[in-house]
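A.B. asks: First the structure, then my questions, so here it is.
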Amino acid sequence: DLIGKKYGVKNLQAFPCQILNTDWKLEKLAGMLTENGVLGMEKVISEETAAELLAHINAESDKAKAAVTAGEESFDDRFGGVNCRGSGTFGLRQDQWLLMSDPIVRKATEEAISNMRPLLEATVGTGALIHELSCLVADPGAPRQCIHADTIHLPCKQYPVSMEPLYTFFIAVQDVADNMGHTTFLPRTQTLDAHNLWNLGQKQKENMIASLPAVQSALKTGDVAIFDSRLLHAGGANSSEKRRVLFYFTLSKQHQWPLPDGLHGSNSIRAQDKGKWCVSDMLSKEPVA
């Protein structure tokens, strides 16, 4: 295994939300997220909300799979493409899109955003758009993902257009044990230089993976791993007997992805919610007109 070969793999440090109310600590954490591309926070949703959301996701998983199998809905209306899914229509790993109109999804989103409000104000602002609203489901036997970034770096040589950072919030709705598979991140790889090196070929990728520091999320119920969508990362294999579920949303102060049809972007959101919700709506509880 090349990950952590030089420095080992450390657990991502998670900070309590209360310290966001202290100005100098907030500034330090916002700087850590910007510079490292990843940050952990504790208990952004309650255990009660997490349990209710987990039950909802499991029920929706069964319903969505049944609808797709019966031909009542298309796979692309309910699920997104996911790295190392496995064989079959659904495989053992799914990117299962959620609806904001479902009360528990709205409740969890509002709760998380309210608890992280100072950090969001300092990074993306309350006008930031919710680009994604989904969950990652890894069933027992799901393989480890390849190291990847969710979006490309813009601007780049091929696409000389700009995009503000997108930040994804992986929220645990259960304790994630080591054998359920943590998400591993390679800090500071969200930069153009890192992406240019990564794209030089397989040998260069292997050298980067082996030589760079790595952290793993090791989330407890209600905790969040926040990361820049350009950061290199991978979900771990689930060798346990339990399903691993992460609720997530993605935010950016820039509302429009600049490439056509979401090319190389973050697109895991139902059509009903696309372009509709901002951070401020989760604080004011009023939808965008």
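Each chain of the structure tokens is named A, B, ... in the order shown, its residues numbered from 1; ligands are numbered from 1 in display order.
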Please report, as CSV, each residue of range 21-115 of chain A lying at most 8 Å from range 210-221 of chain A, together with the nearest pair of atoms and the separation in Å rounded to one decimal; use only C-alpha atoms, and order rows by chain and ascending residue number.
C.D. replies:
residue,atom,partner,partner_atom,distance
A:Gly40,CA,A:Ser217,CA,7.6
A:Lys43,CA,A:Thr221,CA,7.1
A:Ser46,CA,A:Thr221,CA,7.9
A:Glu47,CA,A:Thr221,CA,6.3
A:Ala50,CA,A:Thr221,CA,6.9
A.B. asks: If you keep all heavy atoms, can you produce a file of those selected residues as an mmCIF file, in the first residue's frame?
C.D. replies:
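File produced: again.cif:
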data_model
loop_
_atom_site.group_PDB
_atom_site.id
_atom_site.type_symbol
_atom_site.label_atom_id
_atom_site.label_comp_id
_atom_site.auth_asym_id
_atom_site.auth_seq_id
_atom_site.Cartn_x
_atom_site.Cartn_y
_atom_site.Cartn_z
ATOM 1 N N GLY A 40 -11.528 18.856 10.031
ATOM 2 C CA GLY A 40 -12.529 18.086 10.751
ATOM 3 C C GLY A 40 -13.223 18.927 11.805
ATOM 4 O O GLY A 40 -12.595 19.755 12.469
ATOM 5 N N LYS A 43 -19.487 16.935 15.869
ATOM 6 C CA LYS A 43 -20.893 17.052 16.251
ATOM 7 C C LYS A 43 -21.609 18.217 15.578
ATOM 8 O O LYS A 43 -22.229 19.052 16.236
ATOM 9 C CB LYS A 43 -21.019 17.169 17.775
ATOM 10 C CG LYS A 43 -20.365 16.042 18.544
ATOM 11 C CD LYS A 43 -20.940 14.683 18.186
ATOM 12 C CE LYS A 43 -20.274 13.533 18.942
ATOM 13 N NZ LYS A 43 -20.703 12.202 18.460
ATOM 14 N N SER A 46 -26.792 16.358 15.612
ATOM 15 C CA SER A 46 -26.983 15.578 16.829
ATOM 16 C C SER A 46 -27.086 14.090 16.513
ATOM 17 O O SER A 46 -27.345 13.689 15.367
ATOM 18 C CB SER A 46 -28.250 16.036 17.550
ATOM 19 O OG SER A 46 -29.406 15.665 16.792
ATOM 20 N N GLU A 47 -26.915 13.268 17.535
ATOM 21 C CA GLU A 47 -27.058 11.822 17.348
ATOM 22 C C GLU A 47 -28.489 11.464 16.954
ATOM 23 O O GLU A 47 -28.705 10.542 16.163
ATOM 24 C CB GLU A 47 -26.643 11.093 18.628
ATOM 25 C CG GLU A 47 -25.147 11.203 18.916
ATOM 26 C CD GLU A 47 -24.672 10.189 19.934
ATOM 27 O OE1 GLU A 47 -25.484 9.314 20.335
ATOM 28 O OE2 GLU A 47 -23.486 10.235 20.318
ATOM 29 N N ALA A 50 -28.881 12.315 13.297
ATOM 30 C CA ALA A 50 -28.106 11.345 12.518
ATOM 31 C C ALA A 50 -28.841 10.015 12.404
ATOM 32 O O ALA A 50 -28.909 9.412 11.321
ATOM 33 C CB ALA A 50 -26.735 11.145 13.149
#
A.B. asks: Quick one: DSSP helix (DSSP H, G or I) residues in range 44-168 of chain A, as a VMD selection string?
C.D. replies: chain A and resid 47 to 69 75 to 78 103 to 115 117 to 123
A.B. asks: Quick one: of A:Thr49, A:Thr89, A:Gln94, A:Asn58, who's nearest to Val137 in chain A, counting only C-alpha atoms?
C.D. replies: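 Of all the options, A:Gln94 lies closest to Val137 in chain A.
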A.B. asks: Pick out the residues sitting within 6 Å of range 106-121 of chain A, and hand them over as a list in words; count only C-alpha atoms, and ignore anything fewer than 4 positions along from it in its own chain.
C.D. replies: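 Non-adjacent residues within range: Val44, Ile45, Met100, Gly125, Thr126 and Met282 of chain A.
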A.B. asks: For those residues, write N, CA, C and O atoms to a file as a tab-separated table (two decimals), in the first residue's frame.
C.D. replies:
chain	number	residue	atom	x	y	z
A	44	VAL	N	-21.58	18.25	14.26
A	44	VAL	CA	-22.31	19.31	13.55
A	44	VAL	C	-23.79	18.97	13.42
A	44	VAL	O	-24.62	19.84	13.13
A	45	ILE	N	-24.14	17.68	13.59
A	45	ILE	CA	-25.53	17.29	13.75
A	45	ILE	C	-25.62	16.40	14.99
A	45	ILE	O	-24.64	15.76	15.39
A	100	MET	N	-34.15	17.88	-0.74
A	100	MET	CA	-34.28	18.85	0.34
A	100	MET	C	-35.71	18.89	0.88
A	100	MET	O	-35.94	19.27	2.04
A	125	GLY	N	-19.20	32.24	2.60
A	125	GLY	CA	-20.23	33.27	2.74
A	125	GLY	C	-21.63	32.67	2.76
A	125	GLY	O	-21.86	31.56	2.27
A	126	THR	N	-22.58	33.40	3.31
A	126	THR	CA	-23.95	32.87	3.43
A	126	THR	C	-24.69	32.88	2.09
A	126	THR	O	-25.76	32.28	1.98
A	282	MET	N	-30.82	27.98	4.52
A	282	MET	CA	-30.79	27.02	5.62
A	282	MET	C	-30.75	27.73	6.97
A	282	MET	O	-31.06	27.13	8.00
A.B. asks: Skipping near chain neighbours, those fewer than 2 positions away, what residues fall within 12 Å of Gly86 in chain A using only C-alpha atoms, listed as a PyMOL selection string?
C.D. replies: chain A and resi 81-84+88-94+138-145+237
A.B. asks: Write out as JSON, numbers by chain the residues lying within 7 Å of Leu166 in chain A, counting only C-alpha atoms and excluding same-chain residues fewer than 3 positions away.
C.D. replies: {"A": [228, 229, 250, 251, 252]}
A.B. asks: Write out as a list in words each polymer residue whose atoms come within 7 Å of Ile226 in chain A, counting only C-alpha atoms; drop sequence neighbours fewer than 3 positions from it.
C.D. replies: Val38, Leu39, Gly40, Tyr167, Thr168, Phe169 and Phe170 of chain A
A.B. asks: Restricted to N, CA and C atoms, what would the selected residues look like written as a PDB file, in the first residue's frame?
C.D. replies:
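The resulting file, out.pdb, is reproduced below:
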ATOM      1  N   VAL A  38      -8.491  20.420   3.862  1.00  0.00           N
ATOM      2  CA  VAL A  38      -9.311  19.486   4.631  1.00  0.00           C
ATOM      3  C   VAL A  38      -9.316  19.923   6.098  1.00  0.00           C
ATOM      4  N   LEU A  39     -10.477  19.722   6.753  1.00  0.00           N
ATOM      5  CA  LEU A  39     -10.642  20.121   8.155  1.00  0.00           C
ATOM      6  C   LEU A  39     -11.719  19.249   8.779  1.00  0.00           C
ATOM      7  N   GLY A  40     -11.528  18.856  10.031  1.00  0.00           N
ATOM      8  CA  GLY A  40     -12.529  18.086  10.751  1.00  0.00           C
ATOM      9  C   GLY A  40     -13.223  18.927  11.805  1.00  0.00           C
ATOM     10  N   TYR A 167     -16.463  23.291  -1.523  1.00  0.00           N
ATOM     11  CA  TYR A 167     -16.153  22.535  -0.309  1.00  0.00           C
ATOM     12  C   TYR A 167     -17.240  21.505  -0.062  1.00  0.00           C
ATOM     13  N   THR A 168     -16.818  20.248   0.104  1.00  0.00           N
ATOM     14  CA  THR A 168     -17.734  19.156   0.373  1.00  0.00           C
ATOM     15  C   THR A 168     -17.672  18.792   1.847  1.00  0.00           C
ATOM     16  N   PHE A 169     -18.839  18.500   2.421  1.00  0.00           N
ATOM     17  CA  PHE A 169     -18.975  18.230   3.849  1.00  0.00           C
ATOM     18  C   PHE A 169     -19.471  16.792   4.017  1.00  0.00           C
ATOM     19  N   PHE A 170     -18.564  15.876   4.368  1.00  0.00           N
ATOM     20  CA  PHE A 170     -18.909  14.483   4.634  1.00  0.00           C
ATOM     21  C   PHE A 170     -19.299  14.355   6.103  1.00  0.00           C
TER      22      PHE A 170
END
A.B. asks: Measuring atom to atom with only C-alpha atoms, identify which of A:Glu132, A:Asp102, A:Glu27, A:Glu206 is nearest to Lys276 in chain A.
C.D. replies: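 Ranking A:Glu132, A:Asp102, A:Glu27, A:Glu206 by distance to Lys276 in chain A, first place goes to A:Glu132.
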A.B. asks: I need the residue nearest Thr123 in chain A from this list: A:Asn238, A:Thr34, A:Ser87, A:Gln13. Use only C-alpha atoms for the distance.
C.D. replies: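 Nearest candidate to Thr123 in chain A out of A:Asn238, A:Thr34, A:Ser87, A:Gln13: A:Thr34.
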A.B. asks: Which polymer residues have any atom within 12 Å of an atom of Lys157 in chain A, counting only C-alpha atoms, with same-chain residues fewer than 4 positions away left out, as a compact mmCIF listing (two decimals) with N, CA, C and O atoms, in the first residue's frame?
C.D. replies:
# COMPACT_ATOMS: atom_id res chain seq x y z
N ILE A 152 -11.72 19.06 -11.25
CA ILE A 152 -10.42 19.51 -11.73
C ILE A 152 -10.12 20.90 -11.17
O ILE A 152 -11.00 21.57 -10.62
N HIS A 153 -8.88 21.31 -11.30
CA HIS A 153 -8.49 22.66 -10.89
C HIS A 153 -8.74 23.63 -12.04
O HIS A 153 -8.31 23.40 -13.16
N VAL A 161 -10.61 29.02 -17.50
CA VAL A 161 -11.73 29.71 -16.85
C VAL A 161 -11.61 29.51 -15.35
O VAL A 161 -11.02 28.53 -14.88
N SER A 162 -12.18 30.43 -14.59
CA SER A 162 -12.00 30.40 -13.14
C SER A 162 -13.21 29.80 -12.42
O SER A 162 -14.34 29.89 -12.90
N LEU A 192 -3.03 23.83 -8.27
CA LEU A 192 -2.74 23.57 -9.69
C LEU A 192 -1.44 22.81 -9.85
O LEU A 192 -1.34 21.89 -10.68
N ASP A 193 -0.42 23.15 -9.08
CA ASP A 193 0.86 22.44 -9.16
C ASP A 193 0.69 20.96 -8.85
O ASP A 193 1.25 20.10 -9.55
N HIS A 195 -2.04 19.15 -9.15
CA HIS A 195 -2.80 18.51 -10.23
C HIS A 195 -1.93 18.31 -11.47
O HIS A 195 -2.04 17.29 -12.15
N ASN A 196 -1.07 19.27 -11.76
CA ASN A 196 -0.18 19.12 -12.90
C ASN A 196 0.77 17.94 -12.71
O ASN A 196 1.02 17.16 -13.65
A.B. asks: Please report the interatomic distance between CA of Ile57 in chain A and CA of Lys10 in chain A in Å with one decimal.
C.D. replies: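 About the pair CA of Ile57 in chain A and CA of Lys10 in chain A: they are 29.6 Å apart.
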A.B. asks: Please measure the separation of CA of Gly4 in chain A and CA of Gly235 in chain A, giving the value in Å to one decimal.
C.D. replies: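 For CA of Gly4 in chain A relative to CA of Gly235 in chain A, the distance reads 14.7 Å.
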A.B. asks: Smallest atom-to-atom distance to Gly265 in chain A: which of A:Thr151, A:Gln190, A:Glu35, A:Gln18, using only C-alpha atoms?
C.D. replies: A:Thr151
A.B. asks: Nearest to Glu60 in chain A among A:Leu20, A:Leu33, A:Arg85, A:Ser134, with distances taken over only C-alpha atoms: which residue is it?
C.D. replies: A:Ser134
A.B. asks: Which residue, A:Phe249, A:Phe75, A:Trp257, A:Trp198, has the smallest gap to Val279 in chain A when you use only C-alpha atoms?
C.D. replies: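 Closest candidate: A:Phe249.
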A.B. asks: Please, which residues of range 87-264 of chain A, numbered as in this document, come out strand (DSSP E or B) from DSSP, as a PyMOL selection string?
C.D. replies: chain A and resi 93-97+129-138+148+167-172+183-185+214-216+224-228+233-235+244-252
A.B. asks: Set out as JSON lines a contact list for range 53-76 of chain A and range 172-179 of chain A with a cut-off of 10 Å, giving each residue of range 53-76 of chain A that qualifies its closest atom pair and distance in Å to one decimal, counting only C-alpha atoms, ordered by chain and rising residue number.
C.D. replies:
{"residue": "A:Leu53", "atom": "CA", "partner": "A:Val173", "partner_atom": "CA", "distance": 7.0}
{"residue": "A:Leu54", "atom": "CA", "partner": "A:Val173", "partner_atom": "CA", "distance": 5.9}
{"residue": "A:Ala55", "atom": "CA", "partner": "A:Val173", "partner_atom": "CA", "distance": 9.5}
{"residue": "A:Ile57", "atom": "CA", "partner": "A:Val173", "partner_atom": "CA", "distance": 9.9}
A.B. asks: Could you write those residues out with N, CA and C atoms, as a PDB file, in the first residue's frame?
C.D. replies:
ATOM      1  N   LEU A  53     -31.788  10.380  10.065  1.00  0.00           N
ATOM      2  CA  LEU A  53     -31.337  10.501   8.680  1.00  0.00           C
ATOM      3  C   LEU A  53     -30.841   9.161   8.147  1.00  0.00           C
ATOM      4  N   LEU A  54     -30.135   8.397   8.959  1.00  0.00           N
ATOM      5  CA  LEU A  54     -29.653   7.082   8.533  1.00  0.00           C
ATOM      6  C   LEU A  54     -30.822   6.170   8.171  1.00  0.00           C
ATOM      7  N   ALA A  55     -31.862   6.171   8.993  1.00  0.00           N
ATOM      8  CA  ALA A  55     -33.035   5.343   8.696  1.00  0.00           C
ATOM      9  C   ALA A  55     -33.690   5.784   7.391  1.00  0.00           C
ATOM     10  N   ILE A  57     -32.205   7.325   4.814  1.00  0.00           N
ATOM     11  CA  ILE A  57     -31.335   6.972   3.691  1.00  0.00           C
ATOM     12  C   ILE A  57     -31.459   5.490   3.360  1.00  0.00           C
TER      13      ILE A  57
END
